[in-house]
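Chemist: Input structure: final09.cif, which contains mmCIF, C-alpha atoms and all ligand atoms.
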```cif
data_coords
loop_
_atom_site.label_atom_id
_atom_site.label_comp_id
_atom_site.auth_asym_id
_atom_site.auth_seq_id
_atom_site.Cartn_x
_atom_site.Cartn_y
_atom_site.Cartn_z
CA MET A 256 -78.16 9.37 -92.30
CA LYS A 257 -77.34 9.90 -88.63
CA LYS A 258 -80.11 8.82 -86.27
CA SER A 259 -80.33 12.44 -85.06
CA ALA A 260 -80.54 13.93 -88.58
CA SER A 261 -83.72 15.84 -89.35
CA VAL A 262 -85.84 13.88 -91.81
CA PHE A 263 -89.02 15.25 -93.42
CA VAL A 264 -91.47 12.57 -94.52
CA ALA A 265 -93.92 14.27 -96.92
CA GLY A 266 -97.17 12.28 -97.08
CA HIS A 267 -96.65 10.41 -93.81
CA THR A 268 -100.35 9.57 -93.37
CA GLY A 269 -100.45 7.64 -96.66
CA LEU A 270 -99.67 4.04 -97.52
CA VAL A 271 -96.01 4.61 -98.46
CA GLY A 272 -95.28 7.53 -96.10
CA SER A 273 -96.62 5.67 -93.05
CA ALA A 274 -94.39 2.69 -93.86
CA ILE A 275 -91.34 5.00 -94.13
CA LEU A 276 -92.30 6.51 -90.78
CA ARG A 277 -92.55 3.05 -89.12
CA LYS A 278 -89.17 2.11 -90.53
CA LEU A 279 -87.51 5.34 -89.39
CA HIS A 280 -88.93 4.87 -85.87
CA SER A 281 -87.93 1.21 -85.71
CA THR A 282 -84.36 1.99 -86.80
CA GLY A 283 -83.91 4.62 -84.08
CA HIS A 284 -84.37 7.93 -85.92
CA THR A 285 -85.20 10.64 -83.41
CA ASN A 286 -85.71 13.81 -85.46
CA ILE A 287 -88.56 13.10 -87.85
CA ILE A 288 -90.64 16.01 -89.17
CA THR A 289 -94.19 15.44 -90.43
CA ARG A 290 -97.09 17.66 -91.47
CA THR A 291 -100.58 16.58 -92.43
CA HIS A 292 -102.10 17.78 -95.69
CA SER A 293 -104.26 20.29 -93.78
CA GLU A 294 -101.23 21.65 -91.89
CA LEU A 295 -99.09 22.04 -95.01
CA ASP A 296 -100.52 21.98 -98.54
CA LEU A 297 -97.57 21.02 -100.72
CA VAL A 298 -99.35 22.37 -103.82
CA ASP A 299 -98.98 25.87 -102.32
CA GLN A 300 -95.58 27.33 -103.12
CA ARG A 301 -95.66 29.93 -100.33
CA GLN A 302 -96.49 27.38 -97.65
CA VAL A 303 -93.73 25.05 -98.85
CA ARG A 304 -91.18 27.87 -98.95
CA SER A 305 -91.91 29.01 -95.40
CA PHE A 306 -91.92 25.41 -94.09
CA PHE A 307 -88.45 24.71 -95.55
CA ASN A 308 -87.11 28.10 -94.36
CA GLU A 309 -88.28 27.38 -90.85
CA HIS A 310 -87.37 23.70 -90.49
CA ARG A 311 -84.44 23.16 -92.89
CA PRO A 312 -84.69 19.35 -92.99
CA GLU A 313 -81.49 17.49 -93.89
CA TYR A 314 -83.26 14.60 -95.63
CA VAL A 315 -86.58 14.48 -97.49
CA PHE A 316 -88.73 11.49 -98.47
CA LEU A 317 -91.25 12.82 -101.01
CA ALA A 318 -94.14 10.34 -100.61
CA ALA A 319 -96.95 12.92 -100.89
CA ALA A 320 -98.99 12.81 -104.07
CA ARG A 321 -102.51 12.77 -105.45
CA VAL A 322 -102.88 9.00 -105.94
CA GLY A 323 -105.75 6.76 -107.07
CA GLY A 324 -106.90 3.85 -109.22
CA ILE A 325 -108.06 3.89 -112.84
CA LEU A 326 -111.49 5.42 -112.07
CA GLU A 327 -110.03 8.38 -110.16
CA ASN A 328 -107.33 8.94 -112.77
CA GLN A 329 -109.97 9.08 -115.50
CA ARG A 330 -112.35 11.32 -113.55
CA TYR A 331 -109.80 13.86 -112.35
CA PRO A 332 -106.97 14.04 -114.93
CA ALA A 333 -106.44 17.78 -114.42
CA GLU A 334 -106.13 17.42 -110.63
CA PHE A 335 -103.74 14.47 -110.95
CA LEU A 336 -101.51 16.36 -113.36
CA TYR A 337 -101.64 19.78 -111.68
CA GLN A 338 -101.32 18.70 -108.05
CA ASN A 339 -98.51 16.22 -108.67
CA LEU A 340 -96.55 18.67 -110.83
CA MET A 341 -96.90 21.32 -108.13
CA ILE A 342 -95.98 19.00 -105.25
CA ALA A 343 -92.86 17.78 -107.06
CA SER A 344 -91.81 21.27 -108.23
CA ASN A 345 -92.36 22.94 -104.86
CA VAL A 346 -90.70 20.30 -102.70
CA ILE A 347 -87.76 19.60 -105.03
CA HIS A 348 -87.04 23.29 -105.65
CA GLN A 349 -87.27 24.28 -101.97
CA SER A 350 -85.08 21.31 -101.06
CA TYR A 351 -82.44 22.76 -103.37
CA VAL A 352 -82.88 26.30 -102.04
CA SER A 353 -82.67 25.26 -98.39
CA GLY A 354 -79.69 22.93 -98.92
CA VAL A 355 -81.30 19.52 -98.24
CA ARG A 356 -78.50 16.91 -98.17
CA LYS A 357 -80.53 14.24 -99.90
CA LEU A 358 -84.05 13.84 -101.30
CA LEU A 359 -85.81 10.67 -102.35
CA TYR A 360 -88.67 11.12 -104.80
CA LEU A 361 -91.38 8.48 -105.24
CA GLY A 362 -92.60 7.80 -108.77
CA SER A 363 -94.49 4.81 -110.06
CA SER A 364 -94.16 1.98 -112.59
CA CYS A 365 -96.76 3.72 -114.81
CA ILE A 366 -93.94 5.96 -116.08
CA TYR A 367 -92.91 3.13 -118.43
CA PRO A 368 -94.45 2.62 -121.89
CA ARG A 369 -97.77 0.77 -122.00
CA LEU A 370 -96.49 -2.00 -124.24
CA SER A 371 -93.01 -2.09 -122.77
CA GLU A 372 -90.86 -5.17 -123.02
CA GLN A 373 -91.15 -7.13 -119.73
CA PRO A 374 -89.69 -7.02 -117.15
CA MET A 375 -89.32 -3.24 -117.42
CA ARG A 376 -85.80 -1.92 -117.03
CA GLU A 377 -84.99 1.62 -115.94
CA GLU A 378 -83.65 2.57 -119.37
CA PHE A 379 -87.10 1.95 -120.98
CA LEU A 380 -88.27 5.34 -119.67
CA LEU A 381 -89.55 7.52 -122.56
CA THR A 382 -89.16 4.82 -125.20
CA GLY A 383 -92.88 4.48 -126.10
CA GLU A 384 -96.45 5.61 -125.54
CA LEU A 385 -97.86 5.70 -122.02
CA GLU A 386 -101.00 3.90 -120.81
CA PRO A 387 -103.83 6.36 -121.66
CA THR A 388 -105.92 5.69 -118.51
CA ASN A 389 -103.30 7.33 -116.27
CA GLU A 390 -101.20 9.35 -118.68
CA PRO A 391 -101.51 12.73 -116.88
CA TYR A 392 -100.39 11.11 -113.60
CA ALA A 393 -97.50 9.34 -115.35
CA ILE A 394 -96.39 12.59 -117.05
CA SER A 395 -96.28 14.33 -113.64
CA LYS A 396 -94.19 11.47 -112.24
CA ILE A 397 -91.79 11.62 -115.19
CA ALA A 398 -91.49 15.39 -114.63
CA GLY A 399 -90.52 14.64 -111.00
CA ILE A 400 -87.74 12.30 -112.13
CA LYS A 401 -86.48 14.92 -114.58
CA LEU A 402 -86.56 17.57 -111.85
CA CYS A 403 -84.37 15.38 -109.62
CA ASP A 404 -81.99 14.69 -112.51
CA SER A 405 -81.84 18.33 -113.58
CA TYR A 406 -81.15 19.66 -110.06
CA ARG A 407 -78.42 17.01 -109.75
CA ARG A 408 -76.89 18.02 -113.10
CA GLN A 409 -77.12 21.79 -112.69
CA TYR A 410 -76.65 22.25 -108.93
CA GLY A 411 -75.08 18.98 -107.77
CA CYS A 412 -78.10 18.12 -105.55
CA ASP A 413 -78.20 14.54 -104.29
CA PHE A 414 -81.81 13.90 -105.37
CA VAL A 415 -82.82 10.34 -106.36
CA SER A 416 -86.01 8.79 -107.80
CA ALA A 417 -87.47 5.39 -106.84
CA MET A 418 -90.12 3.60 -108.95
CA PRO A 419 -92.15 1.09 -106.94
CA SER A 420 -94.51 -1.52 -108.40
CA ASN A 421 -98.06 -1.78 -106.97
CA ILE A 422 -97.81 -1.27 -103.22
CA TYR A 423 -100.20 -2.53 -100.56
CA GLY A 424 -100.26 -2.76 -96.76
CA PRO A 425 -101.57 -0.95 -93.67
CA HIS A 426 -103.04 2.53 -94.29
CA ASP A 427 -103.97 1.57 -97.86
CA ASN A 428 -106.97 3.31 -99.37
CA PHE A 429 -109.99 0.93 -99.21
CA ASP A 430 -112.48 3.38 -100.73
CA TYR A 431 -114.64 1.79 -103.47
CA GLU A 432 -114.15 4.69 -105.87
CA SER A 433 -110.50 5.66 -105.46
CA SER A 434 -108.65 2.54 -104.29
CA HIS A 435 -106.09 0.40 -106.11
CA VAL A 436 -106.92 -3.15 -107.11
CA LEU A 437 -105.63 -5.16 -104.14
CA ALA A 438 -107.31 -3.02 -101.47
CA ALA A 439 -110.50 -2.82 -103.55
CA LEU A 440 -110.64 -6.62 -103.82
CA ILE A 441 -110.03 -7.09 -100.08
CA ARG A 442 -113.01 -4.83 -99.39
CA LYS A 443 -115.28 -6.46 -102.00
CA VAL A 444 -114.44 -10.02 -100.96
CA HIS A 445 -114.86 -9.14 -97.27
CA GLN A 446 -118.25 -7.64 -98.02
CA ALA A 447 -119.32 -10.72 -100.02
CA VAL A 448 -118.37 -13.00 -97.11
CA THR A 449 -120.11 -10.75 -94.58
CA LEU A 450 -123.33 -10.54 -96.63
CA GLY A 451 -123.18 -14.15 -97.85
CA SER A 452 -123.11 -13.04 -101.53
CA PRO A 453 -122.43 -15.83 -104.03
CA SER A 454 -120.18 -13.72 -106.29
CA VAL A 455 -117.74 -10.84 -106.41
CA ARG A 456 -117.59 -8.47 -109.38
CA VAL A 457 -114.04 -7.71 -110.56
CA TRP A 458 -113.16 -4.82 -112.88
CA GLY A 459 -111.92 -5.80 -116.37
CA THR A 460 -111.12 -9.18 -117.85
CA GLY A 461 -108.99 -10.47 -114.95
CA THR A 462 -106.13 -11.18 -117.36
CA PRO A 463 -103.79 -8.18 -116.82
CA ARG A 464 -100.72 -9.17 -114.86
CA ARG A 465 -99.50 -7.05 -111.96
CA GLU A 466 -96.68 -7.12 -109.41
CA PHE A 467 -97.36 -6.38 -105.72
CA LEU A 468 -94.94 -5.34 -102.99
CA HIS A 469 -95.72 -4.86 -99.30
CA SER A 470 -95.18 -1.30 -98.06
CA ASP A 471 -92.80 -2.48 -95.29
CA ASP A 472 -90.54 -4.12 -97.90
CA LEU A 473 -90.68 -0.90 -99.90
CA ALA A 474 -89.75 1.22 -96.85
CA GLU A 475 -86.71 -0.97 -96.21
CA ALA A 476 -85.59 -0.43 -99.81
CA LEU A 477 -86.17 3.34 -99.58
CA LEU A 478 -84.05 3.70 -96.42
CA LEU A 479 -81.30 1.69 -98.11
CA LEU A 480 -81.42 3.99 -101.15
CA MET A 481 -81.20 7.02 -98.86
CA GLU A 482 -78.00 5.52 -97.39
CA VAL A 483 -76.16 4.09 -100.37
CA TYR A 484 -77.59 5.20 -103.71
CA SER A 485 -76.89 8.36 -105.71
CA ASP A 486 -77.58 8.39 -109.42
CA LEU A 487 -79.57 9.88 -112.28
CA GLY A 488 -82.82 8.34 -113.54
CA PRO A 489 -85.26 5.99 -111.83
CA ILE A 490 -84.44 2.88 -109.82
CA ASN A 491 -87.11 0.15 -109.71
CA ILE A 492 -88.42 -1.51 -106.54
CA GLY A 493 -90.73 -4.52 -106.81
CA SER A 494 -91.25 -8.10 -105.71
CA GLY A 495 -89.83 -9.46 -108.98
CA THR A 496 -92.90 -11.65 -109.68
CA ASP A 497 -96.35 -10.95 -111.08
CA LEU A 498 -99.74 -12.63 -111.25
CA SER A 499 -103.04 -12.09 -113.07
CA ILE A 500 -105.83 -10.08 -111.45
CA LYS A 501 -107.90 -13.29 -111.46
CA ASP A 502 -105.17 -15.12 -109.50
CA LEU A 503 -104.92 -12.17 -107.13
CA ALA A 504 -108.70 -12.23 -106.50
CA GLU A 505 -108.51 -15.96 -105.76
CA ALA A 506 -105.54 -15.49 -103.41
CA ILE A 507 -107.50 -12.84 -101.49
CA GLY A 508 -110.55 -15.13 -101.47
CA ARG A 509 -108.47 -17.94 -99.88
CA VAL A 510 -107.21 -15.62 -97.12
CA ILE A 511 -110.68 -14.22 -96.34
CA GLY A 512 -112.49 -17.53 -96.78
CA PHE A 513 -114.65 -16.76 -99.83
CA ASP A 514 -115.69 -19.77 -101.89
CA GLY A 515 -118.06 -18.07 -104.35
CA GLU A 516 -117.55 -17.01 -107.97
CA TYR A 517 -115.69 -14.07 -109.53
CA GLU A 518 -117.56 -12.18 -112.26
CA PHE A 519 -115.38 -10.15 -114.60
CA ASP A 520 -116.91 -6.85 -115.73
CA ILE A 521 -115.43 -6.46 -119.19
CA SER A 522 -117.10 -3.08 -119.67
CA LYS A 523 -114.40 -1.67 -117.33
CA PRO A 524 -110.87 -0.87 -118.54
CA ASP A 525 -107.98 -3.27 -117.91
CA GLY A 526 -105.14 -0.76 -118.00
CA ALA A 527 -101.76 -1.97 -119.27
CA PRO A 528 -101.66 -5.73 -120.10
CA ARG A 529 -98.62 -6.43 -117.94
CA LYS A 530 -96.46 -4.47 -115.48
CA LEU A 531 -93.46 -6.26 -114.07
CA LEU A 532 -90.34 -4.37 -113.02
CA ASP A 533 -86.80 -5.53 -113.53
CA ILE A 534 -85.32 -5.20 -110.03
CA SER A 535 -81.73 -6.23 -110.77
CA ARG A 536 -80.28 -2.84 -109.80
CA ILE A 537 -81.80 -2.67 -106.33
CA ARG A 538 -80.99 -6.35 -105.76
CA GLU A 539 -77.34 -5.55 -106.51
CA LEU A 540 -77.45 -3.07 -103.63
CA GLY A 541 -78.30 -5.96 -101.28
CA TRP A 542 -82.07 -5.53 -100.91
CA HIS A 543 -84.63 -8.24 -101.54
CA PRO A 544 -88.33 -8.49 -100.65
CA ARG A 545 -89.13 -10.48 -97.49
CA ILE A 546 -92.94 -10.52 -97.20
CA SER A 547 -94.77 -13.13 -99.33
CA LEU A 548 -97.98 -12.06 -101.05
CA GLU A 549 -100.02 -14.48 -98.91
CA ASP A 550 -98.57 -13.17 -95.61
CA GLY A 551 -98.92 -9.59 -96.84
CA ILE A 552 -102.60 -10.08 -97.76
CA LYS A 553 -103.22 -11.69 -94.34
CA SER A 554 -101.69 -8.83 -92.38
CA THR A 555 -103.33 -6.17 -94.59
CA TYR A 556 -106.72 -7.86 -94.16
CA SER A 557 -106.24 -7.91 -90.42
CA TRP A 558 -105.35 -4.18 -90.49
CA PHE A 559 -108.50 -3.58 -92.56
CA LEU A 560 -110.64 -5.48 -90.02
CA ASN A 561 -109.20 -3.45 -87.12
CA HIS A 562 -109.77 -0.13 -88.91
CA SER A 563 -112.86 -0.77 -91.01
CA SER A 564 -115.04 1.40 -88.79
CA GLU A 565 -112.80 4.42 -89.60
CA LEU A 566 -112.57 3.79 -93.36
N1 LIG A 601 -99.82 2.91 -103.79
C1 LIG A 601 -99.10 2.37 -104.75
O1 LIG A 601 -99.37 1.26 -105.24
C2 LIG A 601 -97.89 3.09 -105.28
C3 LIG A 601 -97.16 2.43 -106.24
C4 LIG A 601 -96.06 3.06 -106.78
C5 LIG A 601 -95.71 4.32 -106.36
N2 LIG A 601 -96.43 4.96 -105.43
C6 LIG A 601 -96.01 6.32 -105.08
O2 LIG A 601 -95.83 6.51 -103.71
C7 LIG A 601 -96.23 7.84 -103.35
C8 LIG A 601 -97.23 7.74 -102.21
O3 LIG A 601 -98.34 6.94 -102.61
P1 LIG A 601 -99.35 6.33 -101.55
O4 LIG A 601 -99.91 5.10 -102.16
O5 LIG A 601 -98.74 6.29 -100.20
O6 LIG A 601 -100.51 7.43 -101.58
P2 LIG A 601 -101.56 7.77 -100.43
O7 LIG A 601 -101.79 6.61 -99.54
O8 LIG A 601 -102.74 8.38 -101.13
O9 LIG A 601 -100.81 8.90 -99.60
C9 LIG A 601 -100.53 10.14 -100.17
C10 LIG A 601 -100.12 11.08 -99.08
O10 LIG A 601 -99.87 12.36 -99.64
C11 LIG A 601 -100.64 13.33 -98.93
N3 LIG A 601 -100.97 14.45 -99.81
C12 LIG A 601 -101.66 14.41 -100.98
N4 LIG A 601 -101.75 15.63 -101.50
C13 LIG A 601 -101.09 16.48 -100.65
C14 LIG A 601 -100.84 17.87 -100.63
N5 LIG A 601 -101.29 18.69 -101.61
N6 LIG A 601 -100.15 18.40 -99.59
C15 LIG A 601 -99.70 17.60 -98.59
N7 LIG A 601 -99.89 16.27 -98.55
C16 LIG A 601 -100.59 15.72 -99.57
C17 LIG A 601 -101.86 12.57 -98.47
O11 LIG A 601 -102.54 13.24 -97.44
P3 LIG A 601 -104.16 13.26 -97.48
O12 LIG A 601 -104.56 11.81 -97.57
O13 LIG A 601 -104.55 13.91 -96.20
O14 LIG A 601 -104.53 14.01 -98.71
C18 LIG A 601 -101.19 11.29 -98.00
O15 LIG A 601 -100.55 11.47 -96.76
C19 LIG A 601 -96.81 8.47 -104.61
O16 LIG A 601 -95.85 9.30 -105.20
C20 LIG A 601 -97.07 7.31 -105.52
O17 LIG A 601 -96.89 7.64 -106.87
C21 LIG A 601 -97.52 4.37 -104.86
#
```
Before anything else, please render the file you have as structure tokens.
Ligand SMILES: NC(=O)c1ccc[n+]([C@@H]2O[C@H](COP(=O)([O-])OP(=O)(O)OC[C@H]3O[C@@H](n4cnc5c(N)ncnc54)[C@H](OP(=O)(O)O)[C@@H]3O)[C@@H](O)[C@H]2O)c1

Modeler:
Amino acid sequence: MKKSASVFVAGHTGLVGSAILRKLHSTGHTNIITRTHSELDLVDQRQVRSFFNEHRPEYVFLAAARVGGILENQRYPAEFLYQNLMIASNVIHQSYVSGVRKLLYLGSSCIYPRLSEQPMREEFLLTGELEPTNEPYAISKIAGIKLCDSYRRQYGCDFVSAMPSNIYGPHDNFDYESSHVLAALIRKVHQAVTLGSPSVRVWGTGTPRREFLHSDDLAEALLLLMEVYSDLGPINIGSGTDLSIKDLAEAIGRVIGFDGEYEFDISKPDGAPRKLLDISRIRELGWHPRISLEDGIKSTYSWFLNHSSEL
């Protein structure tokens, strides 16, 4: 990717897209194209077609999606399935039609079977049943991978798919209803400290194990993939280590300075028991995560404090 090449970052206001944007700026890219959701609705085929006809980007990072935690996935399964299928279909097809040199599609670790062997290797895709709490979302993400693979097979398009673990960092969603676990816990623990509450309520049993990667580490991996990687199927990106939700809550409590109790609300779903990615393939390409979970929580909490009035 030449520094002057035109690069479209779809979803640049989000957690992942904003990290890609920071990385492109910091590495000297000068021709970056962005559109907010209200300027360009990627679910709308006509809008996507005219955008690609007009701008003809050379490279595309597809980081736009309808994203949310367990509650949102369960409340809005039709929207998660429909919008993500449409975004992937429209952007991938128009990238083919307008001759995009390379496209990088963002999926998620929920594409792997619920009771998958751990750590999860790329070849475990479609080898078992999906986690029911986010199955429609996972199906849309699998369709996106298959679109990239099929356009590569039939038309020779250089379209690749990256599967990150749980991502966190600046521009995360801290909303109580729709956030992912790490951002939700930062907000809850912060509120407990601010109000002097003796306890924090955590969804589920606290026993599921999850892997967390900072969005800046992810962006570094994604730019590397754009430069050096061209293959079928997904490639995993994660930190390579996991911890229980209880341990995560305690780690956040140490950073924020909360010394109360955690109450586990077992009436709420846990999701998959464990989700740890095998990251051997991306490590072989020379990438490794740099930001420790403790440092990442500290910097994300400080971002949250600086932006809490806007959230
Ligand atoms: N967050 C994670 O832990 C995680 C983990 C693994 C993979 N991923 C993947 O990474 C990608 C990005 O996730 P994220 O966490 O960055 O999500 P996010 O913070 O919610 O950002 C999503 C972005 O997409 C935009 N968008 C949504 N619908 C759109 C539409 N119809 N037209 C145009 N733009 C639209 C959003 O704009 P508005 O906010 O204005 O709607 C926002 O800029 C997703 O494919 C997701 O599967 C995320």

Chemist: Using 9 Å as the limit and counting only C-alpha atoms and all ligand atoms, can you tabulate each residue of chain A that touches ligand LIG 601 (chain A), with its shortest atom-to-atom distance in Å and the two atoms involved, as JSON lines?

Modeler:
```
{"residue": "A:Ala265", "atom": "CA", "partner": "A:LIG601", "partner_atom": "N7", "distance": 6.5}
{"residue": "A:Gly266", "atom": "CA", "partner": "A:LIG601", "partner_atom": "O15", "distance": 3.5}
{"residue": "A:His267", "atom": "CA", "partner": "A:LIG601", "partner_atom": "O15", "distance": 5.0}
{"residue": "A:Thr268", "atom": "CA", "partner": "A:LIG601", "partner_atom": "O15", "distance": 3.9}
{"residue": "A:Gly269", "atom": "CA", "partner": "A:LIG601", "partner_atom": "O9", "distance": 3.2}
{"residue": "A:Leu270", "atom": "CA", "partner": "A:LIG601", "partner_atom": "O5", "distance": 3.6}
{"residue": "A:Val271", "atom": "CA", "partner": "A:LIG601", "partner_atom": "O5", "distance": 3.6}
{"residue": "A:Gly272", "atom": "CA", "partner": "A:LIG601", "partner_atom": "O5", "distance": 5.5}
{"residue": "A:Ser273", "atom": "CA", "partner": "A:LIG601", "partner_atom": "O5", "distance": 7.5}
{"residue": "A:Ala274", "atom": "CA", "partner": "A:LIG601", "partner_atom": "O5", "distance": 8.5}
{"residue": "A:Arg290", "atom": "CA", "partner": "A:LIG601", "partner_atom": "C15", "distance": 7.6}
{"residue": "A:Thr291", "atom": "CA", "partner": "A:LIG601", "partner_atom": "O13", "distance": 6.1}
{"residue": "A:His292", "atom": "CA", "partner": "A:LIG601", "partner_atom": "C15", "distance": 3.8}
{"residue": "A:Ser293", "atom": "CA", "partner": "A:LIG601", "partner_atom": "O13", "distance": 6.8}
{"residue": "A:Glu294", "atom": "CA", "partner": "A:LIG601", "partner_atom": "C15", "distance": 8.0}
{"residue": "A:Leu295", "atom": "CA", "partner": "A:LIG601", "partner_atom": "C15", "distance": 5.7}
{"residue": "A:Asp296", "atom": "CA", "partner": "A:LIG601", "partner_atom": "N6", "distance": 3.7}
{"residue": "A:Leu297", "atom": "CA", "partner": "A:LIG601", "partner_atom": "N6", "distance": 3.8}
{"residue": "A:Val298", "atom": "CA", "partner": "A:LIG601", "partner_atom": "N5", "distance": 4.7}
{"residue": "A:Asp299", "atom": "CA", "partner": "A:LIG601", "partner_atom": "N5", "distance": 7.6}
{"residue": "A:Leu317", "atom": "CA", "partner": "A:LIG601", "partner_atom": "O16", "distance": 7.1}
{"residue": "A:Ala318", "atom": "CA", "partner": "A:LIG601", "partner_atom": "C7", "distance": 4.3}
{"residue": "A:Ala319", "atom": "CA", "partner": "A:LIG601", "partner_atom": "O10", "distance": 3.2}
{"residue": "A:Ala320", "atom": "CA", "partner": "A:LIG601", "partner_atom": "C12", "distance": 4.4}
{"residue": "A:Arg321", "atom": "CA", "partner": "A:LIG601", "partner_atom": "C12", "distance": 4.8}
{"residue": "A:Val322", "atom": "CA", "partner": "A:LIG601", "partner_atom": "O8", "distance": 4.9}
{"residue": "A:Gly323", "atom": "CA", "partner": "A:LIG601", "partner_atom": "O8", "distance": 6.9}
{"residue": "A:Gly324", "atom": "CA", "partner": "A:LIG601", "partner_atom": "O1", "distance": 8.9}
{"residue": "A:Gln338", "atom": "CA", "partner": "A:LIG601", "partner_atom": "N5", "distance": 6.4}
{"residue": "A:Asn339", "atom": "CA", "partner": "A:LIG601", "partner_atom": "N4", "distance": 7.9}
{"residue": "A:Met341", "atom": "CA", "partner": "A:LIG601", "partner_atom": "N5", "distance": 8.3}
{"residue": "A:Ile342", "atom": "CA", "partner": "A:LIG601", "partner_atom": "N5", "distance": 6.4}
{"residue": "A:Tyr360", "atom": "CA", "partner": "A:LIG601", "partner_atom": "O16", "distance": 7.4}
{"residue": "A:Leu361", "atom": "CA", "partner": "A:LIG601", "partner_atom": "O16", "distance": 4.5}
{"residue": "A:Gly362", "atom": "CA", "partner": "A:LIG601", "partner_atom": "O17", "distance": 4.7}
{"residue": "A:Ser363", "atom": "CA", "partner": "A:LIG601", "partner_atom": "C5", "distance": 3.9}
{"residue": "A:Ser364", "atom": "CA", "partner": "A:LIG601", "partner_atom": "C4", "distance": 6.2}
{"residue": "A:Cys365", "atom": "CA", "partner": "A:LIG601", "partner_atom": "C4", "distance": 8.1}
{"residue": "A:Tyr392", "atom": "CA", "partner": "A:LIG601", "partner_atom": "O17", "distance": 8.3}
{"residue": "A:Ala393", "atom": "CA", "partner": "A:LIG601", "partner_atom": "O17", "distance": 8.7}
{"residue": "A:Lys396", "atom": "CA", "partner": "A:LIG601", "partner_atom": "O17", "distance": 7.1}
{"residue": "A:Ala417", "atom": "CA", "partner": "A:LIG601", "partner_atom": "C5", "distance": 8.3}
{"residue": "A:Met418", "atom": "CA", "partner": "A:LIG601", "partner_atom": "C5", "distance": 6.2}
{"residue": "A:Pro419", "atom": "CA", "partner": "A:LIG601", "partner_atom": "C4", "distance": 4.4}
{"residue": "A:Ser420", "atom": "CA", "partner": "A:LIG601", "partner_atom": "C4", "distance": 5.1}
{"residue": "A:Asn421", "atom": "CA", "partner": "A:LIG601", "partner_atom": "O1", "distance": 3.7}
{"residue": "A:Ile422", "atom": "CA", "partner": "A:LIG601", "partner_atom": "O1", "distance": 3.6}
{"residue": "A:Tyr423", "atom": "CA", "partner": "A:LIG601", "partner_atom": "O1", "distance": 6.1}
{"residue": "A:His426", "atom": "CA", "partner": "A:LIG601", "partner_atom": "O7", "distance": 6.8}
{"residue": "A:Asp427", "atom": "CA", "partner": "A:LIG601", "partner_atom": "O7", "distance": 5.7}
{"residue": "A:Asn428", "atom": "CA", "partner": "A:LIG601", "partner_atom": "O7", "distance": 6.1}
{"residue": "A:Ser434", "atom": "CA", "partner": "A:LIG601", "partner_atom": "N1", "distance": 8.9}
{"residue": "A:His435", "atom": "CA", "partner": "A:LIG601", "partner_atom": "O1", "distance": 6.8}
{"residue": "A:Val436", "atom": "CA", "partner": "A:LIG601", "partner_atom": "O1", "distance": 8.9}
{"residue": "A:Phe467", "atom": "CA", "partner": "A:LIG601", "partner_atom": "O1", "distance": 7.9}
{"residue": "A:Leu468", "atom": "CA", "partner": "A:LIG601", "partner_atom": "O1", "distance": 8.3}
{"residue": "A:Ser470", "atom": "CA", "partner": "A:LIG601", "partner_atom": "N1", "distance": 8.5}
{"residue": "A:Ile492", "atom": "CA", "partner": "A:LIG601", "partner_atom": "C4", "distance": 8.9}
```

Chemist: Enclose all atoms of segment 432-440 of chain A listed in the file in an axis-aligned box, grow every side by 5 Å, and hand back centre and edge lengths in Å to one decimal, as JSON.

Modeler:
```
{"center_x": -109.9, "center_y": -0.5, "center_z": -104.3, "size_x": 18.5, "size_y": 22.3, "size_z": 15.6}
```

Chemist: Go ahead and compute the interatomic distance for atom CA of Ser344 of chain A and atom CA of Ser371 of chain A, in Å to one decimal.

Modeler: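 The value is 27.5 Å.
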
Chemist: Show which residues sit within 10 Å of Ile552 of chain A, as a list of chain:residue names. Count only C-alpha atoms, and ignore same-chain residues fewer than 2 positions away.

Modeler: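 Final neighbour list, sorted by chain and number: A:Tyr423, A:Gly424, A:Leu437, A:Ala438, A:Ile441, A:His469, A:Leu503, A:Ala506, A:Ile507, A:Val510, A:Ile511, A:Ile546, A:Ser547, A:Leu548, A:Glu549, A:Asp550, A:Ser554, A:Thr555, A:Tyr556, A:Ser557, A:Trp558.
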
Chemist: Pick from A:Arg356, A:Arg408, A:Lys401, A:Lys258: nearest to Gly488 of chain A, with only C-alpha atoms counted?

Modeler: A:Lys401

Chemist: Quick one: distance from atom CA of Gly459 of chain A to atom CA of Ile366 of chain A in Å, one decimal?

Modeler: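 About the pair atom CA of Gly459 of chain A and atom CA of Ile366 of chain A: they are 21.5 Å apart.
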
Chemist: Give me the residues within 8 Å of Leu358 of chain A as a ChimeraX atom specification, counting all atoms listed in the file and dropping any in the same chain fewer than 6 places off.

Modeler: /A:314-317,347,350,413-415,481

Chemist: At what distance in Å, to one decimal, does atom CA of Arg376 of chain A lie from atom CA of Ala439 of chain A?

Modeler: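 Going from atom CA of Ala439 of chain A over to atom CA of Arg376 of chain A covers 28.2 Å.
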
Chemist: Show me the residues around (-92.7, 23.2, -92.7) - criterion: an atom at most 9 Å away, only C-alpha atoms counted - as a ChimeraX atom specification.

Modeler: /A:263,288-290,294-295,302-312

Chemist: Which residue gives the smallest distance to Gln446 of chain A among A:Leu326, A:Ile275, A:Leu560, A:Cys412, with all atoms listed in the file counted?

Modeler: A:Leu560

Chemist: Determine the nearest neighbour of Trp458 of chain A from the options A:Glu432, A:Glu518, A:Asp497, A:Glu475, counting all atoms listed in the file.

Modeler: A:Glu518

Chemist: Between A:Ser259, A:Arg545, A:Val264, A:Ser395, which is the closest to Tyr337 of chain A once you count all atoms listed in the file?

Modeler: A:Ser395

Chemist: Nearest residue to Lys501 of chain A out of A:Val457, A:Glu482, A:Gly526, A:Asp471, using all atoms listed in the file?

Modeler: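 Looking only at the distances to Lys501 of chain A, the closest residue turns out to be A:Val457.
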